[in-house]
Protein chains: 2
Amino acid sequence: MQFSSKLIENAVNEFAKLPGIGKKTALRLVLHLVKQNAQEVDMFSSTIAKMRNEIKFCRKCYNVSDTTTCEICNNTIRKQNFICVVENIRDVIAIENTQQFNGLYHVLGGIISPLDGIGPDQLTINALVQRIKDENIEEVIFALNPNIQGDTTIYYIGRKLKDIKVKITTIARGIAFGGELEYADEMTLAKSITNRIPVENYISAS
Amino acid sequence: MQFSSKLIENAVNEFAKLPGIGKKTALRLVLHLVKQNAQEVDMFSSTIAKMRNEIKFCRKCYNVSDTTTCEICNNTIRKQNFICVVENIRDVIAIENTQQFNGLYHVLGGIISPLDGIGPDQLTINALVQRIKDENIEEVIFALNPNIQGDTTIYYIGRKLKDIKVKITTIARGIAFGGELEYADEMTLAKSITNRIPVENYISAS
């Protein structure tokens, strides 16, 4: 694609580096910004730059944070002895939006996946184990994606915790709400039968 | 959507102001930037800010430009007496990419659309008429979208030019290359029959 302006071309190339944004979309975004007034665009670019320069990772749970420890870890109303283990920051936001969990988090920064060259040492697993030892944790809840890598990670961390007195659970796998039985894969359907729950629990939970 | 970080939240809100980008996509983009190193993100934001602050509109054709008059207007190899009239900057880029036009452009900045409150005075029509008078233009080629507003705009400008000796043409409307006759709308098909062209012209043009 040819542009008659180098400024436009550079801006398009920067946008096109973002995931899921091709040259045509990038051009649409850039021409949109050309039409906005200069203050708004300055606001846009300075907000992005400030975010990247000032963002920290919570030294306790590795969530993104504006301060040394994050809002969630600092919130004393939350149950300090429940840790929900997640793969990444997006999962924290997803679970927070359900408003069903009132404990703390631990962001692994990925999951064990030898094929992608990700081993336990690249994740925050040692810090997690240390936290569980030090902080008198009652329950560790794994909220990892239900696949081989997720299960491997749970198994690996589970073994590291076997000498520590702590309850270890994982979020339920089963048929999604609104889903249809006939379209569910066998694995999910099989697990949903094995891990069936008494109806009184199901009703009281909803 | 709740975020545990104000920095992330602000950045997501800025991205979500862009057309076609919702909160979820914005979050994906922001978390992508969090993972990039700080220099790259500074490069991203400074390129956007620089683009908006330094971009100019060519005082001759109203295309975006890095300088007072644009690259295309400054290019003396291009035919100076052919003007292609387009609605916006994106159309200039689209036509330039065909490499079939070697004249100059004139960007109207929109088309006449009373329903949207856009009249001739909000467009660069007077400047266009003045250019045609002053610059000894041989042909004006309208490359507007084929719809009522486009045709109205052509008609309006055509009337303004009726006392000036200049050839006025419009890009061909017809069945798109690769399109299928049976799916074409009646209007397009009808126009493509009325404006049929001798086969020798068709072959020599392709």
# chains A, B, ... in the order shown; residues from 1 in each chain; ligands from 1

call {"tool": "interface_residues", "arguments": {"of": "chain B", "to": "chain A", "cutoff": "7 Å", "atoms": "only C-alpha atoms", "output": "PyMOL selection string"}}
result
chain B and resi 1-8+10-11+14+18-19+29+34+38+41-42+44-49+51-53+55+64-66+71-72+93+97

call {"tool": "select_by_dssp", "arguments": {"residues": "segment 19-179 of chain B", "states": "strand (DSSP E or B)", "output": "list of chain:residue names"}}
result
B:Lys56, B:Phe57, B:Val64, B:Ser65, B:Phe82, B:Ile83, B:Cys84, B:Val85, B:Val86, B:Leu104, B:Tyr105, B:His106, B:Val107, B:Ser113, B:Ile118, B:Glu139, B:Val140, B:Ile141, B:Phe142, B:Lys167, B:Ile168, B:Thr169, B:Thr170

call {"tool": "write_last_selection", "arguments": {"atoms": "C-alpha atoms", "output": "mmCIF file, in the first residue's frame"}}
result
data_model
loop_
_atom_site.group_PDB
_atom_site.id
_atom_site.type_symbol
_atom_site.label_atom_id
_atom_site.label_comp_id
_atom_site.auth_asym_id
_atom_site.auth_seq_id
_atom_site.Cartn_x
_atom_site.Cartn_y
_atom_site.Cartn_z
ATOM 1 C CA LYS B 56 -1.019 19.096 7.094
ATOM 2 C CA PHE B 57 -3.619 19.271 4.398
ATOM 3 C CA VAL B 64 -3.004 14.785 3.746
ATOM 4 C CA SER B 65 0.551 15.931 3.402
ATOM 5 C CA PHE B 82 -6.020 16.188 -15.098
ATOM 6 C CA ILE B 83 -7.870 16.377 -11.782
ATOM 7 C CA CYS B 84 -9.485 13.352 -10.170
ATOM 8 C CA VAL B 85 -12.182 14.464 -7.698
ATOM 9 C CA VAL B 86 -12.623 12.144 -4.702
ATOM 10 C CA LEU B 104 -3.618 15.283 -9.696
ATOM 11 C CA TYR B 105 -6.395 14.918 -7.128
ATOM 12 C CA HIS B 106 -8.919 17.084 -5.383
ATOM 13 C CA VAL B 107 -10.294 15.859 -2.049
ATOM 14 C CA SER B 113 -25.844 14.924 1.634
ATOM 15 C CA ILE B 118 -23.693 18.380 4.551
ATOM 16 C CA GLU B 139 -10.264 17.030 -17.751
ATOM 17 C CA VAL B 140 -12.050 16.608 -14.429
ATOM 18 C CA ILE B 141 -12.631 12.936 -13.516
ATOM 19 C CA PHE B 142 -15.206 12.269 -10.810
ATOM 20 C CA LYS B 167 -13.998 17.869 -20.180
ATOM 21 C CA ILE B 168 -15.966 16.262 -17.359
ATOM 22 C CA THR B 169 -15.983 12.477 -16.918
ATOM 23 C CA THR B 170 -16.813 9.959 -14.227
#

call {"tool": "closest_residue", "arguments": {"among": "B:Thr69, B:Thr153, B:Asn147, B:Gln80", "to": "Met187 of chain B", "atoms": "only C-alpha atoms"}}
result
B:Asn147

call {"tool": "atom_distance", "arguments": {"atom1": "atom CA of Ile95 of chain A", "atom2": "atom CA of Val129 of chain A"}}
result
21.8 Å

call {"tool": "residues_around", "arguments": {"residues": "Ile175 of chain B", "least_positions_apart": "3", "cutoff": "9 Å", "atoms": "only C-alpha atoms", "output": "ChimeraX atom specification"}}
result
/B:178-181,184,188-189,192

call {"tool": "atom_distance", "arguments": {"atom1": "atom CA of Asp151 of chain A", "atom2": "atom CA of Lys165 of chain A"}}
result
21.0 Å

call {"tool": "decode", "arguments": {"residues": "segment 175-202 of chain B", "atoms": "N, CA and C atoms", "output": "mmCIF file, in the first residue's frame"}}
result
data_model
loop_
_atom_site.group_PDB
_atom_site.id
_atom_site.type_symbol
_atom_site.label_atom_id
_atom_site.label_comp_id
_atom_site.auth_asym_id
_atom_site.auth_seq_id
_atom_site.Cartn_x
_atom_site.Cartn_y
_atom_site.Cartn_z
ATOM 1 N N ILE B 175 -20.430 -3.912 -13.911
ATOM 2 C CA ILE B 175 -20.269 -5.143 -13.156
ATOM 3 C C ILE B 175 -18.796 -5.245 -12.732
ATOM 4 N N ALA B 176 -18.561 -5.425 -11.443
ATOM 5 C CA ALA B 176 -17.193 -5.491 -10.939
ATOM 6 C C ALA B 176 -16.485 -6.719 -11.490
ATOM 7 N N PHE B 177 -15.189 -6.580 -11.687
ATOM 8 C CA PHE B 177 -14.390 -7.693 -12.175
ATOM 9 C C PHE B 177 -14.507 -8.852 -11.172
ATOM 10 N N GLY B 178 -14.832 -10.051 -11.662
ATOM 11 C CA GLY B 178 -15.023 -11.182 -10.749
ATOM 12 C C GLY B 178 -16.444 -11.289 -10.216
ATOM 13 N N GLY B 179 -17.269 -10.270 -10.505
ATOM 14 C CA GLY B 179 -18.653 -10.304 -10.047
ATOM 15 C C GLY B 179 -19.498 -11.193 -10.952
ATOM 16 N N GLU B 180 -20.711 -11.497 -10.520
ATOM 17 C CA GLU B 180 -21.563 -12.339 -11.343
ATOM 18 C C GLU B 180 -22.834 -11.588 -11.711
ATOM 19 N N LEU B 181 -23.169 -11.680 -13.006
ATOM 20 C CA LEU B 181 -24.329 -10.963 -13.526
ATOM 21 C C LEU B 181 -25.583 -11.196 -12.717
ATOM 22 N N GLU B 182 -25.853 -12.471 -12.379
ATOM 23 C CA GLU B 182 -27.148 -12.766 -11.756
ATOM 24 C C GLU B 182 -27.285 -12.154 -10.355
ATOM 25 N N TYR B 183 -26.148 -11.821 -9.732
ATOM 26 C CA TYR B 183 -26.237 -11.208 -8.411
ATOM 27 C C TYR B 183 -26.134 -9.684 -8.447
ATOM 28 N N ALA B 184 -25.889 -9.126 -9.626
ATOM 29 C CA ALA B 184 -25.779 -7.660 -9.718
ATOM 30 C C ALA B 184 -27.152 -7.030 -9.537
ATOM 31 N N ASP B 185 -27.194 -5.837 -8.922
ATOM 32 C CA ASP B 185 -28.493 -5.178 -8.781
ATOM 33 C C ASP B 185 -28.921 -4.612 -10.129
ATOM 34 N N GLU B 186 -30.231 -4.392 -10.287
ATOM 35 C CA GLU B 186 -30.790 -3.963 -11.568
ATOM 36 C C GLU B 186 -30.190 -2.661 -12.068
ATOM 37 N N MET B 187 -30.013 -1.715 -11.135
ATOM 38 C CA MET B 187 -29.489 -0.387 -11.486
ATOM 39 C C MET B 187 -28.117 -0.516 -12.142
ATOM 40 N N THR B 188 -27.232 -1.289 -11.495
ATOM 41 C CA THR B 188 -25.877 -1.451 -12.016
ATOM 42 C C THR B 188 -25.903 -2.138 -13.372
ATOM 43 N N LEU B 189 -26.709 -3.201 -13.449
ATOM 44 C CA LEU B 189 -26.790 -3.960 -14.689
ATOM 45 C C LEU B 189 -27.334 -3.075 -15.813
ATOM 46 N N ALA B 190 -28.378 -2.289 -15.489
ATOM 47 C CA ALA B 190 -28.975 -1.393 -16.481
ATOM 48 C C ALA B 190 -27.934 -0.397 -16.980
ATOM 49 N N LYS B 191 -27.175 0.231 -16.026
ATOM 50 C CA LYS B 191 -26.165 1.226 -16.429
ATOM 51 C C LYS B 191 -25.059 0.579 -17.244
ATOM 52 N N SER B 192 -24.742 -0.657 -16.911
ATOM 53 C CA SER B 192 -23.638 -1.313 -17.628
ATOM 54 C C SER B 192 -24.039 -1.636 -19.065
ATOM 55 N N ILE B 193 -25.342 -1.781 -19.302
ATOM 56 C CA ILE B 193 -25.806 -2.013 -20.676
ATOM 57 C C ILE B 193 -25.855 -0.684 -21.439
ATOM 58 N N THR B 194 -26.431 0.349 -20.772
ATOM 59 C CA THR B 194 -26.508 1.661 -21.427
ATOM 60 C C THR B 194 -25.114 2.163 -21.817
ATOM 61 N N ASN B 195 -24.183 1.981 -20.899
ATOM 62 C CA ASN B 195 -22.835 2.512 -21.140
ATOM 63 C C ASN B 195 -21.886 1.450 -21.677
ATOM 64 N N ARG B 196 -22.410 0.560 -22.485
ATOM 65 C CA ARG B 196 -21.564 -0.510 -23.015
ATOM 66 C C ARG B 196 -20.414 0.070 -23.837
ATOM 67 N N ILE B 197 -19.302 -0.661 -23.907
ATOM 68 C CA ILE B 197 -18.128 -0.157 -24.616
ATOM 69 C C ILE B 197 -17.711 -1.127 -25.724
ATOM 70 N N PRO B 198 -17.155 -0.588 -26.814
ATOM 71 C CA PRO B 198 -16.681 -1.468 -27.900
ATOM 72 C C PRO B 198 -15.621 -2.428 -27.365
ATOM 73 N N VAL B 199 -15.689 -3.680 -27.811
ATOM 74 C CA VAL B 199 -14.784 -4.697 -27.273
ATOM 75 C C VAL B 199 -13.314 -4.319 -27.503
ATOM 76 N N GLU B 200 -13.017 -3.664 -28.636
ATOM 77 C CA GLU B 200 -11.613 -3.327 -28.852
ATOM 78 C C GLU B 200 -11.086 -2.351 -27.782
ATOM 79 N N ASN B 201 -11.951 -1.445 -27.317
ATOM 80 C CA ASN B 201 -11.540 -0.552 -26.213
ATOM 81 C C ASN B 201 -11.283 -1.341 -24.946
ATOM 82 N N TYR B 202 -12.187 -2.278 -24.682
ATOM 83 C CA TYR B 202 -12.109 -3.079 -23.455
ATOM 84 C C TYR B 202 -10.809 -3.866 -23.416
#
